[in-house]
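Trainee: Mind looking over this structure? Questions follow.
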Amino acid sequence: MRLTRAEISLSNLKFNYLSIRKAVKNKPVLAVVKADAYGHGLIEVVAALEKLENKKPPYYGVALLEEAIELRKAKITSSPILVFAPLKIDEVDFYQKHKIIPTITSLYEITKLNNVNFKKKFNVHINIDTGMGRVGIPSKNAVKLILELLKNRMIQIDGIYTHFATSDEKNKSFAIIQLNRFNEIIDVLREKKISFGNIHAANSGAILDLPESHFDMVRAGISMYGYYPSNETSESIKLKPVMSLISEVATISEVPKNTSVSYGREYKTKSDTKIISVPIGYADGINRGLTNKMFCIIKNKKHPQVGTITMDRIMFDIGNAPVKIGDKVILLGNSKSENINAVDWCGILKTIPYEITCGISKRVLRKYN
Ligand SMILES: Cc1ncc(COP(=O)(O)O)c(C=O)c1O
């Protein structure tokens, strides 16, 4: 059996979640578990958080109705689940049946909802686009459209939120513009005595560095999985990466100087050496852009990856290190004194840790500990 696996530390996950909760002064933390909990495994991550009893998340946040239904089918029945995607009117029955909360993002949805004959109250959250430019009711029309939405007396606004475009940047000026736009809407709604439930705005960047955006609840994604959203945020909350990526030494070849390795002969050995192959490749989420740039750790020593990354296998030049077939290979994770994490790959691939953890494909077995 192939030993390649992503080890998911549920204790690090709980440590991060509880650290975030403490940092926001025990305000409720919506756990963002979309995209299979950023690649960590939706059901297992939620099951672990549910065990936190009176400290467990008050809501789970997903991108798709299907992800919410998956949670309900896994017997996560009592916790509210918020879907960030715009509501599709033909899905209203699913939302009601499974007690899932949709997001309302536009006049289009509001107009459709006006004509629905609900038998019981329909809980929704409203997303206000204060500058993200993705989805959401434009802040200029927000109050007018909320009044329009409430024409259907069966609609209950359980929450109102916005999403920051730049909270992970050092310069917070645009995040503050967004925050001001959001606050103005809240003020008008209060003046008009319109009830709107929980106010929430902060993603990880704002959790770390914009306390005035914490409102009634924050929404933690990447920080819960142990990474800062960028290298421009503070590290005011200590976080521990949750995912390690582990494989094994499959083959060892002794080769002379000037031997080419892998497709395209992109690497030639500099001296007589040993080349090992490890059963993981781009089909598992090891981006080809890491070719000749990444490292692994074997027995607490780092070794350079060499030759083009292939679909199922990558090679390392280990010199004459005392390595045996079957030895553990750490691609992401810690040994006694060495460490490789997603941020190292981000530097090479010009990406963000989100894409790295989400990109570890389904073929890689998740092992929970
Ligand atoms: C609406 C919404 N809220 C919160 C988050 C969590 O963001 P982060 O992972 O930066 O904490 C996301 C993720 O992109 C999101 O789409």
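We label chains A, B, ... in the order they appear in the structure tokens, count residues from 1 in each chain, and number ligands from 1 in the order shown.
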Can you tell me which residues come within 6 Å of ligand 1 when counting only C-alpha atoms and all ligand atoms, ideally as an MDAnalysis selection string?

Mentor: chainID A and resid 32 84 163 203:204 219:223 229

Trainee: Using C-alpha atoms, can you write the selected residues to a file as a PDB file, in the first residue's frame?

Mentor:
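Output file part-v5.pdb follows:
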ATOM      1  CA  VAL A  32     -14.851  28.450   7.662  1.00  0.00           C
ATOM      2  CA  PHE A  84     -21.597  32.062   1.305  1.00  0.00           C
ATOM      3  CA  HIS A 163     -15.835  40.583   3.261  1.00  0.00           C
ATOM      4  CA  ASN A 203     -11.551  37.061   8.043  1.00  0.00           C
ATOM      5  CA  SER A 204      -8.104  35.946   9.264  1.00  0.00           C
ATOM      6  CA  ARG A 219     -14.986  34.198  10.418  1.00  0.00           C
ATOM      7  CA  ALA A 220     -11.757  32.235  10.648  1.00  0.00           C
ATOM      8  CA  GLY A 221     -10.441  30.233   7.717  1.00  0.00           C
ATOM      9  CA  ILE A 222      -6.738  29.914   6.992  1.00  0.00           C
ATOM     10  CA  SER A 223      -5.668  30.855  10.536  1.00  0.00           C
ATOM     11  CA  PRO A 229      -2.996  34.813   5.346  1.00  0.00           C
TER      12      PRO A 229
END

Trainee: List every residue of range 311-355 of chain A that has an atom at most 8 Å from any atom of range 244-252 of chain A, and for each one report the closest atom pair and its distance in Å to one decimal, counting only C-alpha atoms, with rows sorted by chain and then by increasing residue number, as CSV.

Mentor:
residue,atom,partner,partner_atom,distance
A:Lys324,CA,A:Val249,CA,7.0
A:Ile325,CA,A:Val249,CA,5.0
A:Gly326,CA,A:Val249,CA,4.9
A:Asp327,CA,A:Val249,CA,5.4
A:Lys328,CA,A:Glu248,CA,4.6
A:Val329,CA,A:Glu248,CA,4.9
A:Ile330,CA,A:Ile246,CA,4.7
A:Leu331,CA,A:Leu245,CA,5.3
A:Leu332,CA,A:Leu245,CA,4.8
A:Gly333,CA,A:Ser244,CA,4.7
A:Asn334,CA,A:Ser244,CA,8.0

Trainee: Those same residues - N, CA and C atoms - I'd like them written as a short mmCIF file (atom, residue, chain, number, x, y, z; two decimals), in the first residue's frame.

Mentor:
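Result file follows (selection-v1.cif):
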data_model
loop_
_atom_site.label_atom_id
_atom_site.label_comp_id
_atom_site.auth_asym_id
_atom_site.auth_seq_id
_atom_site.Cartn_x
_atom_site.Cartn_y
_atom_site.Cartn_z
N LYS A 324 17.32 4.40 3.65
CA LYS A 324 16.89 3.06 3.23
C LYS A 324 15.50 3.14 2.56
N ILE A 325 15.23 2.13 1.75
CA ILE A 325 13.88 2.04 1.17
C ILE A 325 12.87 1.93 2.32
N GLY A 326 11.79 2.69 2.22
CA GLY A 326 10.76 2.66 3.28
C GLY A 326 10.94 3.77 4.31
N ASP A 327 12.09 4.46 4.28
CA ASP A 327 12.27 5.55 5.25
C ASP A 327 11.20 6.64 5.02
N LYS A 328 10.84 7.27 6.13
CA LYS A 328 9.82 8.33 6.07
C LYS A 328 10.38 9.58 5.38
N VAL A 329 9.59 10.15 4.47
CA VAL A 329 9.97 11.39 3.78
C VAL A 329 8.95 12.47 4.15
N ILE A 330 9.45 13.56 4.72
CA ILE A 330 8.54 14.67 5.07
C ILE A 330 8.63 15.72 3.97
N LEU A 331 7.48 15.99 3.33
CA LEU A 331 7.46 17.02 2.29
C LEU A 331 6.98 18.35 2.85
N LEU A 332 6.02 18.27 3.76
CA LEU A 332 5.58 19.43 4.54
C LEU A 332 5.49 18.96 5.98
N GLY A 333 6.16 19.65 6.87
CA GLY A 333 6.07 19.24 8.28
C GLY A 333 7.38 19.45 9.01
N ASN A 334 7.43 18.94 10.22
CA ASN A 334 8.59 19.16 11.10
C ASN A 334 9.29 17.85 11.39
#

Trainee: Thr310 in chain A: which residues within 12 Å, counting only C-alpha atoms, same-chain residues fewer than 6 positions away excluded, as a list in words?

Mentor: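 Near Thr310 in chain A, the qualifying residues are Val261, Ser262, Tyr263, Gly264, Ser277, Val278, Pro279, Ile280, Gly281, Tyr282, Ala283, Asp284, Gly285, Ile286, Asn287, Arg288, Gly289, Leu290, Thr291 and Asn292 of chain A.
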
Trainee: Apply DSSP to the structure's backbone, then extract all residues of range 99-324 of chain A labelled alpha helix (DSSP H) and return them as an MDAnalysis selection string.

Mentor: chainID A and resid 107:114 142:149 173:191 204:209

Trainee: Would you mind listing what lies within 9 Å of Glu232 in chain A as a list in words, with only C-alpha atoms counted and same-chain residues fewer than 3 positions away left out?

Mentor: Asp168, Glu169, Lys170, Asn171, Tyr228 and Pro229 of chain A

Trainee: May I have all residues of range 98-174 of chain A that DSSP, computed from the backbone, assigns to strand (DSSP E), given as a list in words?

Mentor: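 Strand (DSSP E) members of range 98-174 of chain A, listed: Ile100, Ile101, Pro102, Thr103, Ile104, Phe122, Asn123, Val124, His125, Ile126, Asn127, Ile128, Asp129, Ile137, Pro138, Ile155, Gln156, Ile157, Asp158, Gly159, Ile160, Tyr161 and Thr162 of chain A.
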
Trainee: Restrict the selected residues to N, CA and C atoms and save them as a PDB file, in the first residue's frame.

Mentor:
ATOM      1  N   ILE A 100     -30.392  25.064   6.732  1.00  0.00           N
ATOM      2  CA  ILE A 100     -29.141  25.692   6.282  1.00  0.00           C
ATOM      3  C   ILE A 100     -29.465  27.150   5.948  1.00  0.00           C
ATOM      4  N   ILE A 101     -28.507  28.032   6.231  1.00  0.00           N
ATOM      5  CA  ILE A 101     -28.774  29.467   6.053  1.00  0.00           C
ATOM      6  C   ILE A 101     -28.108  29.963   4.769  1.00  0.00           C
ATOM      7  N   PRO A 102     -28.897  30.558   3.872  1.00  0.00           N
ATOM      8  CA  PRO A 102     -28.293  31.087   2.637  1.00  0.00           C
ATOM      9  C   PRO A 102     -27.819  32.524   2.822  1.00  0.00           C
ATOM     10  N   THR A 103     -27.040  32.962   1.861  1.00  0.00           N
ATOM     11  CA  THR A 103     -26.647  34.375   1.802  1.00  0.00           C
ATOM     12  C   THR A 103     -27.431  35.050   0.683  1.00  0.00           C
ATOM     13  N   ILE A 104     -27.922  36.222   0.991  1.00  0.00           N
ATOM     14  CA  ILE A 104     -28.605  37.030  -0.032  1.00  0.00           C
ATOM     15  C   ILE A 104     -27.615  38.079  -0.516  1.00  0.00           C
ATOM     16  N   PHE A 122     -37.891  32.057   7.188  1.00  0.00           N
ATOM     17  CA  PHE A 122     -36.720  31.678   6.400  1.00  0.00           C
ATOM     18  C   PHE A 122     -35.554  32.572   6.834  1.00  0.00           C
ATOM     19  N   ASN A 123     -34.577  31.940   7.515  1.00  0.00           N
ATOM     20  CA  ASN A 123     -33.411  32.673   8.029  1.00  0.00           C
ATOM     21  C   ASN A 123     -32.396  32.925   6.930  1.00  0.00           C
ATOM     22  N   VAL A 124     -31.930  34.147   6.823  1.00  0.00           N
ATOM     23  CA  VAL A 124     -30.906  34.466   5.819  1.00  0.00           C
ATOM     24  C   VAL A 124     -29.837  35.371   6.437  1.00  0.00           C
ATOM     25  N   HIS A 125     -28.650  35.360   5.818  1.00  0.00           N
ATOM     26  CA  HIS A 125     -27.659  36.403   6.091  1.00  0.00           C
ATOM     27  C   HIS A 125     -27.556  37.256   4.828  1.00  0.00           C
ATOM     28  N   ILE A 126     -27.175  38.502   5.034  1.00  0.00           N
ATOM     29  CA  ILE A 126     -27.031  39.410   3.893  1.00  0.00           C
ATOM     30  C   ILE A 126     -25.567  39.771   3.742  1.00  0.00           C
ATOM     31  N   ASN A 127     -25.067  39.625   2.527  1.00  0.00           N
ATOM     32  CA  ASN A 127     -23.680  40.015   2.248  1.00  0.00           C
ATOM     33  C   ASN A 127     -23.698  41.390   1.583  1.00  0.00           C
ATOM     34  N   ILE A 128     -23.019  42.336   2.198  1.00  0.00           N
ATOM     35  CA  ILE A 128     -22.919  43.682   1.628  1.00  0.00           C
ATOM     36  C   ILE A 128     -21.547  43.816   0.975  1.00  0.00           C
ATOM     37  N   ASP A 129     -21.552  44.179  -0.301  1.00  0.00           N
ATOM     38  CA  ASP A 129     -20.263  44.403  -0.984  1.00  0.00           C
ATOM     39  C   ASP A 129     -19.792  45.822  -0.706  1.00  0.00           C
ATOM     40  N   ILE A 137     -24.624  42.776  -1.971  1.00  0.00           N
ATOM     41  CA  ILE A 137     -25.448  43.940  -2.298  1.00  0.00           C
ATOM     42  C   ILE A 137     -24.553  45.178  -2.221  1.00  0.00           C
ATOM     43  N   PRO A 138     -24.493  45.972  -3.299  1.00  0.00           N
ATOM     44  CA  PRO A 138     -23.617  47.150  -3.258  1.00  0.00           C
ATOM     45  C   PRO A 138     -23.977  48.028  -2.064  1.00  0.00           C
ATOM     46  N   ILE A 155     -39.317  36.373   5.915  1.00  0.00           N
ATOM     47  CA  ILE A 155     -37.845  36.424   5.890  1.00  0.00           C
ATOM     48  C   ILE A 155     -37.345  36.980   7.221  1.00  0.00           C
ATOM     49  N   GLN A 156     -36.400  36.253   7.789  1.00  0.00           N
ATOM     50  CA  GLN A 156     -35.794  36.696   9.049  1.00  0.00           C
ATOM     51  C   GLN A 156     -34.309  36.925   8.802  1.00  0.00           C
ATOM     52  N   ILE A 157     -33.818  38.128   9.048  1.00  0.00           N
ATOM     53  CA  ILE A 157     -32.379  38.379   8.836  1.00  0.00           C
ATOM     54  C   ILE A 157     -31.636  37.941  10.096  1.00  0.00           C
ATOM     55  N   ASP A 158     -30.883  36.871   9.938  1.00  0.00           N
ATOM     56  CA  ASP A 158     -30.155  36.280  11.078  1.00  0.00           C
ATOM     57  C   ASP A 158     -28.747  36.878  11.189  1.00  0.00           C
ATOM     58  N   GLY A 159     -28.284  37.486  10.091  1.00  0.00           N
ATOM     59  CA  GLY A 159     -26.947  38.080  10.134  1.00  0.00           C
ATOM     60  C   GLY A 159     -26.699  38.980   8.942  1.00  0.00           C
ATOM     61  N   ILE A 160     -25.742  39.879   9.121  1.00  0.00           N
ATOM     62  CA  ILE A 160     -25.367  40.794   8.037  1.00  0.00           C
ATOM     63  C   ILE A 160     -23.845  40.840   8.018  1.00  0.00           C
ATOM     64  N   TYR A 161     -23.268  40.718   6.810  1.00  0.00           N
ATOM     65  CA  TYR A 161     -21.805  40.669   6.779  1.00  0.00           C
ATOM     66  C   TYR A 161     -21.213  41.315   5.543  1.00  0.00           C
ATOM     67  N   THR A 162     -19.906  41.525   5.663  1.00  0.00           N
ATOM     68  CA  THR A 162     -19.136  41.995   4.508  1.00  0.00           C
ATOM     69  C   THR A 162     -17.826  41.229   4.494  1.00  0.00           C
TER      70      THR A 162
END

Trainee: Which is closer to Lys362 in chain A than all the others in A:Pro304, A:Gly131, A:Gly41, A:Gly205, using only C-alpha atoms?

Mentor: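 Among the listed residues, A:Gly41 lies closest to Lys362 in chain A.
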
Trainee: Show me, as a tab-separated table, the residues of range 37-94 of chain A having an atom within 12 Å of range 345-354 of chain A, each with the closest atom pair and its distance in Å, using only C-alpha atoms.

Mentor:
residue	atom	partner	partner_atom	distance
A:Ala37	CA	A:Tyr354	CA	10.3
A:Tyr38	CA	A:Tyr354	CA	6.7
A:Gly39	CA	A:Tyr354	CA	8.8
A:His40	CA	A:Tyr354	CA	11.0

Trainee: Find the residues around range 18-25 of chain A up to 10 Å (only C-alpha atoms counted), leave out those fewer than 2 positions away in its own chain, and share them as a list of chain:residue names.

Mentor: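 Final neighbour list, sorted by chain and number: A:Asn12, A:Leu13, A:Lys14, A:Phe15, A:Asn16, A:Lys27, A:Pro28, A:Val29, A:Leu30, A:Leu49, A:Leu52, A:Lys55, A:Lys56, A:Pro57, A:Ser204, A:Ile207, A:Leu208, A:Pro211, A:His214, A:Phe215, A:Met217, A:Val218, A:Ala220, A:Ser223, A:Met224, A:Ser236, A:Ile237, A:Lys238, A:Leu239.
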
Trainee: Rank nothing, just name the residue among A:Ala35, A:Ile89, A:Ile314, A:Ala202 nearest to Glu66 in chain A, using only C-alpha atoms.

Mentor: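 Using only C-alpha atoms, Glu66 in chain A sits closest to A:Ala35.
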
Trainee: Quick one: everything within 6 Å of Thr273 in chain A, counting only C-alpha atoms, minus sequence neighbours fewer than 2 positions away in the same chain. Send it as a VMD selection string.

Mentor: chain A and resid 254 to 255 271 319

Trainee: If we count only C-alpha atoms, what is near Asn180 in chain A at a cut-off of 10 Å, once residues fewer than 6 positions away on the same chain are taken out, given as a ChimeraX atom specification?

Mentor: /A:130,174,186,213

Trainee: For CA of Val306 in chain A and CA of Ser230 in chain A, quote the distance in Å rounded to one decimal.

Mentor: 28.0 Å

Trainee: Provide the CA of Tyr95 in chain A to CA of Ser195 in chain A distance in Å, to one decimal place.

Mentor: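 About the pair CA of Tyr95 in chain A and CA of Ser195 in chain A: they are 21.4 Å apart.
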